[in-house]
Every structure is written in C-alpha cells, then in structure tokens.
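Raw target17.pdb, PDB, C-alpha atoms:
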ATOM      1  CA  MET A  47     135.817  71.102 185.244  1.00  0.00           C
ATOM      2  CA  THR A  48     132.520  71.725 186.894  1.00  0.00           C
ATOM      3  CA  PRO A  49     130.573  68.825 188.421  1.00  0.00           C
ATOM      4  CA  ARG A  50     127.806  69.348 185.874  1.00  0.00           C
ATOM      5  CA  LEU A  51     130.239  69.004 182.955  1.00  0.00           C
ATOM      6  CA  VAL A  52     131.824  65.885 184.490  1.00  0.00           C
ATOM      7  CA  GLY A  53     128.353  64.348 184.920  1.00  0.00           C
ATOM      8  CA  ALA A  54     127.459  65.069 181.310  1.00  0.00           C
ATOM      9  CA  ALA A  55     130.748  63.542 180.121  1.00  0.00           C
ATOM     10  CA  VAL A  56     130.080  60.387 182.156  1.00  0.00           C
ATOM     11  CA  VAL A  57     126.569  60.049 180.666  1.00  0.00           C
ATOM     12  CA  VAL A  58     127.850  60.527 177.110  1.00  0.00           C
ATOM     13  CA  ALA A  59     130.645  57.987 177.682  1.00  0.00           C
ATOM     14  CA  ALA A  60     128.176  55.450 179.099  1.00  0.00           C
ATOM     15  CA  ALA A  61     125.832  55.944 176.152  1.00  0.00           C
ATOM     16  CA  GLY A  62     128.715  55.479 173.733  1.00  0.00           C
ATOM     17  CA  ALA A  63     129.739  52.273 175.508  1.00  0.00           C
ATOM     18  CA  VAL A  64     126.186  50.897 175.212  1.00  0.00           C
ATOM     19  CA  VAL A  65     126.019  51.715 171.492  1.00  0.00           C
ATOM     20  CA  LEU A  66     129.446  50.162 170.891  1.00  0.00           C
ATOM     21  CA  ALA A  67     128.522  46.999 172.826  1.00  0.00           C
ATOM     22  CA  ARG A  68     125.306  46.604 170.806  1.00  0.00           C
ATOM     23  CA  ARG A  69     127.151  46.985 167.516  1.00  0.00           C
ATOM     24  CA  ARG A  70     129.781  44.429 168.479  1.00  0.00           C
ATOM     25  CA  ARG A  71     127.178  41.860 169.540  1.00  0.00           C
ATOM     26  CA  PRO A  72     126.827  39.120 166.905  1.00  0.00           C
ATOM     27  CA  ARG A  73     123.658  39.361 164.841  1.00  0.00           C
ATOM     28  CA  SER A  74     121.486  36.368 164.124  1.00  0.00           C
ATOM     29  CA  ALA A  75     121.146  35.101 160.578  1.00  0.00           C
ATOM     30  CA  PRO A  76     118.423  36.790 158.511  1.00  0.00           C
ATOM     31  CA  GLY A  77     115.019  35.265 159.049  1.00  0.00           C
ATOM     32  CA  THR A  78     115.893  33.602 162.335  1.00  0.00           C
ATOM     33  CA  GLY A  79     115.010  36.544 164.570  1.00  0.00           C
ATOM     34  CA  ALA A  80     116.774  37.452 167.781  1.00  0.00           C
ATOM     35  CA  ALA A  81     118.707  34.903 169.798  1.00  0.00           C
ATOM     36  CA  SER A  82     116.046  35.041 172.531  1.00  0.00           C
ATOM     37  CA  ALA A  83     113.202  34.539 170.032  1.00  0.00           C
ATOM     38  CA  PRO A  84     111.286  31.267 170.172  1.00  0.00           C
ATOM     39  CA  ARG A  85     112.211  28.769 167.470  1.00  0.00           C
ATOM     40  CA  SER A  86     108.666  28.770 166.131  1.00  0.00           C
ATOM     41  CA  GLY A  87     108.911  32.502 165.443  1.00  0.00           C
ATOM     42  CA  TRP A  88     105.493  33.239 166.972  1.00  0.00           C
ATOM     43  CA  LEU A  89     104.974  36.483 168.881  1.00  0.00           C
ATOM     44  CA  ALA A  90     101.882  36.678 171.077  1.00  0.00           C
ATOM     45  CA  VAL A  91      99.768  39.078 173.104  1.00  0.00           C
ATOM     46  CA  THR A  92      96.824  38.309 175.333  1.00  0.00           C
ATOM     47  CA  VAL A  93      93.757  40.384 174.532  1.00  0.00           C
ATOM     48  CA  ALA A  94      90.951  40.715 177.083  1.00  0.00           C
ATOM     49  CA  ARG A  95      88.234  39.906 174.526  1.00  0.00           C
ATOM     50  CA  ASP A  96      86.581  36.867 172.932  1.00  0.00           C
ATOM     51  CA  VAL A  97      88.122  35.211 169.883  1.00  0.00           C
ATOM     52  CA  ASP A  98      85.293  36.576 167.688  1.00  0.00           C
ATOM     53  CA  ASP A  99      86.132  40.143 168.781  1.00  0.00           C
ATOM     54  CA  VAL A 100      89.847  39.768 168.016  1.00  0.00           C
ATOM     55  CA  LEU A 101      89.564  38.419 164.456  1.00  0.00           C
ATOM     56  CA  PRO A 102      86.004  39.268 163.371  1.00  0.00           C
ATOM     57  CA  ALA A 103      85.069  37.198 160.299  1.00  0.00           C
ATOM     58  CA  GLY A 104      88.756  36.297 159.885  1.00  0.00           C
ATOM     59  CA  ARG A 105      89.728  39.890 159.001  1.00  0.00           C
ATOM     60  CA  THR A 106      93.198  41.108 159.918  1.00  0.00           C
ATOM     61  CA  PRO A 107      93.164  43.910 162.529  1.00  0.00           C
ATOM     62  CA  GLY A 108      94.425  47.356 161.411  1.00  0.00           C
ATOM     63  CA  PRO A 109      98.102  47.557 162.454  1.00  0.00           C
ATOM     64  CA  LEU A 110      98.780  43.959 161.402  1.00  0.00           C
ATOM     65  CA  ALA A 111      97.171  44.475 157.977  1.00  0.00           C
ATOM     66  CA  ARG A 112     100.153  46.519 156.754  1.00  0.00           C
ATOM     67  CA  PHE A 113     102.249  43.322 156.708  1.00  0.00           C
ATOM     68  CA  GLY A 114      99.855  41.758 154.177  1.00  0.00           C
ATOM     69  CA  ASP A 115     100.368  38.093 153.317  1.00  0.00           C
ATOM     70  CA  ALA A 116     103.868  38.018 154.816  1.00  0.00           C
ATOM     71  CA  VAL A 117     102.398  37.452 158.287  1.00  0.00           C
ATOM     72  CA  GLU A 118     100.479  34.456 159.552  1.00  0.00           C
ATOM     73  CA  LEU A 119      97.902  35.126 162.311  1.00  0.00           C
ATOM     74  CA  GLU A 120      96.303  32.819 164.838  1.00  0.00           C
ATOM     75  CA  ALA A 121      93.780  33.512 167.600  1.00  0.00           C
ATOM     76  CA  ARG A 122      92.934  31.015 170.327  1.00  0.00           C
ATOM     77  CA  ILE A 123      91.674  30.954 173.881  1.00  0.00           C
ATOM     78  CA  ALA A 124      94.382  32.192 176.232  1.00  0.00           C
ATOM     79  CA  PRO A 125      95.701  29.950 179.001  1.00  0.00           C
ATOM     80  CA  GLY A 126      93.466  30.003 182.070  1.00  0.00           C
ATOM     81  CA  ASP A 127      90.581  31.320 179.933  1.00  0.00           C
ATOM     82  CA  LYS A 128      91.934  34.878 180.380  1.00  0.00           C
ATOM     83  CA  GLY A 129      90.786  36.198 177.012  1.00  0.00           C
ATOM     84  CA  THR A 130      92.294  35.508 173.604  1.00  0.00           C
ATOM     85  CA  GLU A 131      95.885  34.863 172.672  1.00  0.00           C
ATOM     86  CA  LEU A 132      96.657  36.617 169.380  1.00  0.00           C
ATOM     87  CA  ARG A 133      99.766  35.194 167.727  1.00  0.00           C
ATOM     88  CA  ALA A 134     101.658  36.380 164.653  1.00  0.00           C
ATOM     89  CA  ARG A 135     104.784  35.334 162.780  1.00  0.00           C
ATOM     90  CA  PHE A 136     106.361  35.822 159.392  1.00  0.00           C
ATOM     91  CA  ARG A 137     105.355  33.077 156.961  1.00  0.00           C
ATOM     92  CA  PRO A 138     108.290  30.742 156.279  1.00  0.00           C
ATOM     93  CA  GLY A 139     107.788  30.896 152.505  1.00  0.00           C
ATOM     94  CA  ALA A 140     107.013  34.619 152.185  1.00  0.00           C
ATOM     95  CA  SER A 141     109.601  36.764 150.410  1.00  0.00           C
ATOM     96  CA  ARG A 142     109.601  39.293 153.252  1.00  0.00           C
ATOM     97  CA  ALA A 143     110.277  36.524 155.782  1.00  0.00           C
ATOM     98  CA  ALA A 144     113.614  35.784 154.144  1.00  0.00           C
ATOM     99  CA  ALA A 145     114.767  39.306 154.960  1.00  0.00           C
ATOM    100  CA  ALA A 146     112.970  39.551 158.316  1.00  0.00           C
ATOM    101  CA  GLY A 147     115.618  40.593 160.761  1.00  0.00           C
ATOM    102  CA  ASP A 148     115.455  42.083 164.224  1.00  0.00           C
ATOM    103  CA  ARG A 149     114.017  45.366 162.901  1.00  0.00           C
ATOM    104  CA  ASP A 150     111.063  43.722 161.105  1.00  0.00           C
ATOM    105  CA  ARG A 151     110.458  41.526 164.126  1.00  0.00           C
ATOM    106  CA  GLY A 152     110.337  44.663 166.285  1.00  0.00           C
ATOM    107  CA  ARG A 153     107.795  46.227 163.920  1.00  0.00           C
ATOM    108  CA  LEU A 154     105.656  43.089 164.094  1.00  0.00           C
ATOM    109  CA  ARG A 155     105.857  43.153 167.879  1.00  0.00           C
ATOM    110  CA  ALA A 156     104.817  46.822 167.925  1.00  0.00           C
ATOM    111  CA  ALA A 157     101.908  46.075 165.551  1.00  0.00           C
ATOM    112  CA  LEU A 158     100.716  43.308 167.891  1.00  0.00           C
ATOM    113  CA  ARG A 159     100.770  45.692 170.846  1.00  0.00           C
ATOM    114  CA  GLU A 160      98.933  48.388 168.882  1.00  0.00           C
ATOM    115  CA  THR A 161      96.315  45.836 167.808  1.00  0.00           C
ATOM    116  CA  LYS A 162      95.795  44.803 171.433  1.00  0.00           C
ATOM    117  CA  GLN A 163      95.283  48.434 172.443  1.00  0.00           C
ATOM    118  CA  LEU A 164      92.861  49.115 169.589  1.00  0.00           C
ATOM    119  CA  ILE A 165      90.757  46.067 170.445  1.00  0.00           C
ATOM    120  CA  GLU A 166      90.726  46.643 174.218  1.00  0.00           C
ATOM    121  CA  VAL A 167      90.680  50.446 174.480  1.00  0.00           C
ATOM    122  CA  GLY A 168      89.704  51.703 171.038  1.00  0.00           C
ATOM    123  CA  GLU A 169      92.850  53.758 170.440  1.00  0.00           C
ATOM    124  CA  VAL A 170      96.615  53.384 170.423  1.00  0.00           C
ATOM    125  CA  LEU A 171      98.089  54.941 173.532  1.00  0.00           C
ATOM    126  CA  ARG A 172     101.107  57.179 172.971  1.00  0.00           C
ATOM    127  CA  VAL A 173     103.727  58.645 175.279  1.00  0.00           C
ATOM    128  CA  ASP A 174     103.658  62.410 175.027  1.00  0.00           C
ATOM    129  CA  PRO A 175     107.124  63.405 176.271  1.00  0.00           C
ATOM    130  CA  VAL A 176     106.552  67.161 176.006  1.00  0.00           C
ATOM    131  CA  PRO A 177     103.189  68.213 177.474  1.00  0.00           C
ATOM    132  CA  HIS A 178     103.677  71.821 176.357  1.00  0.00           C
ATOM    133  CA  GLY A 179     106.428  74.193 175.379  1.00  0.00           C
ATOM    134  CA  ARG A 180     109.927  73.175 174.372  1.00  0.00           C
ATOM    135  CA  ARG A 181     112.416  71.207 176.414  1.00  0.00           C
ATOM    136  CA  THR A 182     116.112  72.046 176.401  1.00  0.00           C
ATOM    137  CA  ALA A 183     118.146  69.306 174.721  1.00  0.00           C
ATOM    138  CA  THR A 184     120.402  67.438 177.157  1.00  0.00           C
ATOM    139  CA  PRO A 185     122.394  64.202 176.833  1.00  0.00           C
ATOM    140  CA  THR A 186     120.157  62.375 179.308  1.00  0.00           C
ATOM    141  CA  GLY A 187     117.035  63.740 177.620  1.00  0.00           C
ATOM    142  CA  ALA A 188     118.259  62.359 174.287  1.00  0.00           C
ATOM    143  CA  LEU A 189     118.761  58.922 175.870  1.00  0.00           C
ATOM    144  CA  VAL A 190     115.227  58.991 177.315  1.00  0.00           C
ATOM    145  CA  GLU A 191     113.794  59.998 173.919  1.00  0.00           C
ATOM    146  CA  LEU A 192     115.686  57.158 172.207  1.00  0.00           C
ATOM    147  CA  ALA A 193     114.536  54.583 174.765  1.00  0.00           C
ATOM    148  CA  THR A 194     110.925  55.777 174.522  1.00  0.00           C
ATOM    149  CA  ALA A 195     110.977  55.581 170.732  1.00  0.00           C
ATOM    150  CA  ARG A 196     112.230  51.956 170.757  1.00  0.00           C
ATOM    151  CA  SER A 197     110.334  50.648 173.797  1.00  0.00           C
ATOM    152  CA  ASN A 198     107.262  49.518 171.858  1.00  0.00           C
ATOM    153  CA  GLU A 199     109.390  47.317 169.595  1.00  0.00           C
ATOM    154  CA  GLU A 200     111.780  45.872 172.154  1.00  0.00           C
ATOM    155  CA  GLY A 201     109.353  45.243 174.993  1.00  0.00           C
ATOM    156  CA  THR A 202     111.490  46.379 177.908  1.00  0.00           C
ATOM    157  CA  LEU A 203     113.687  49.331 178.775  1.00  0.00           C
TER     158      LEU A 203
END
Show how you would write the structure in this file as structure tokens.
Amino acid sequence: MTPRLVGAAVVVAAAGAVVLARRRRPRSAPGTGAASAPRSGWLAVTVARDVDDVLPAGRTPGPLARFGDAVELEARIAPGDKGTELRARFRPGASRAAAAGDRDRGRLRAALRETKQLIEVGEVLRVDPVPHGRRTATPTGALVELATARSNEEGTL
C-alpha cells in the first residue's frame, strides 16, 4: 500500500470511530437539552449595542422570529456594562419545548449567533469554503465540510 492510501485509511477509520463514539454516548431526555446545558435552559450572547437596539419596541429579531412563541427572549445589560446580553430559551409550557432536543437547541444557538451578527454588522457572515472552481472530494475535505456545517450550532470545533 502506498503511504497516501494508508493515510486515507487512517483518517477514515478515525472519522468512523468519532461517529461511533457519538452514537453510543447516552442522550439526554427530551426537553432537558445537552448534559452540559445550564439547568435554566437559557442560551446567551453578548451584543455590542444598547438594549433598545437589540429588542427595538419589544420586537423579536429576524433569525429568532422563526421559533415563534416557543422561545422566550430576554435582554439586559451585560456584565461589566459591555453591551447587552441577549438570552433565549424554549418556553417550559410550549409544545415545541417538549420535543426540544439537542438539534433544536443547536438551531436556537445558531439563531442567537446570527441575530448578534445582524445587529452588530448588518449581515450574517458565512464561511465560503470554495472561493472559485471545484475542489476534489477527499476524506479530510469531507470532515472539514461537516465540521464547518455544524460549527455554528455546536459552538466549538
């Protein structure tokens, strides 16, 4: 076997091991969120704007509006007077909250990040993995694409 083929086999085996380990990990009960989630269920971002700019006239910002009444929002002065802390969580009594698992929590987290970007910058910043042309598909390239696609929901790579 060539060194290149051995390297590709090692990468594929490592990726398979990661997927298998994630599937074997016990899931939290529906509605409780991830094991590392705070008990209150609140997710928060700090926005470098005043409270009035974050929730003008009590209106829900764009990306968070798609959750409708299933999400509870709160805006308050951030610690150290560093802007506004925008917090969101699924309402305990909402029908969607009963089924809110890790995937819905990830979508809420992504919506919070998009809202922060819209308020601060005016647009949602995107990673453009292919500046031009077409890239040859490789095992490592597929792993990078997968990680990039999920990074906005999970928070870290």
* Structure fact -> Taken to one decimal, the CA of Val170 (chain A)-CA of Arg133 (chain A) distance is 18.7 Å
* To do: Have a look at A:Thr48, A:Ile165, A:Glu191, A:Ala59 and name the one nearest to Thr106 (chain A); count all atoms listed in the file.
  =>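 Ranking A:Thr48, A:Ile165, A:Glu191, A:Ala59 by distance to Thr106 (chain A), first place goes to A:Ile165.
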* To do: Might you spell out which residues the PyMOL selection byres ((chain A and resi 119) around 9) would select in the displayed file, as a count of residues only?
  => 11
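Put simply, CA of Val190 (chain A) is 26.1 Å away from CA of Leu89 (chain A).
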* Asked: What is the distance, in Å and to one decimal place, between CA of Arg153 (chain A) and CA of Ala111 (chain A)?
  ->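 Separating CA of Arg153 (chain A) from CA of Ala111 (chain A) is a distance of 12.3 Å.
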* To do: Name the residues captured by the PyMOL selection byres ((chain A and resi 127) around 12) when it is applied to the shown file; answer as an MDAnalysis selection string.
  => chainID A and resid 92:97 122:126 128:131
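Closest to Arg50 (chain A) among A:Thr161, A:Gly87, A:Arg172, A:Pro185 is A:Pro185, based on only C-alpha atoms.
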Could the centre and edge lengths of an axis-aligned box, enclosing all atoms of region 49-68 of chain A in the file with 3 Å extra on each side, be given in Å to one decimal as JSON?
{"center_x": 128.6, "center_y": 58.0, "center_z": 179.6, "size_x": 12.5, "size_y": 28.7, "size_z": 23.6}
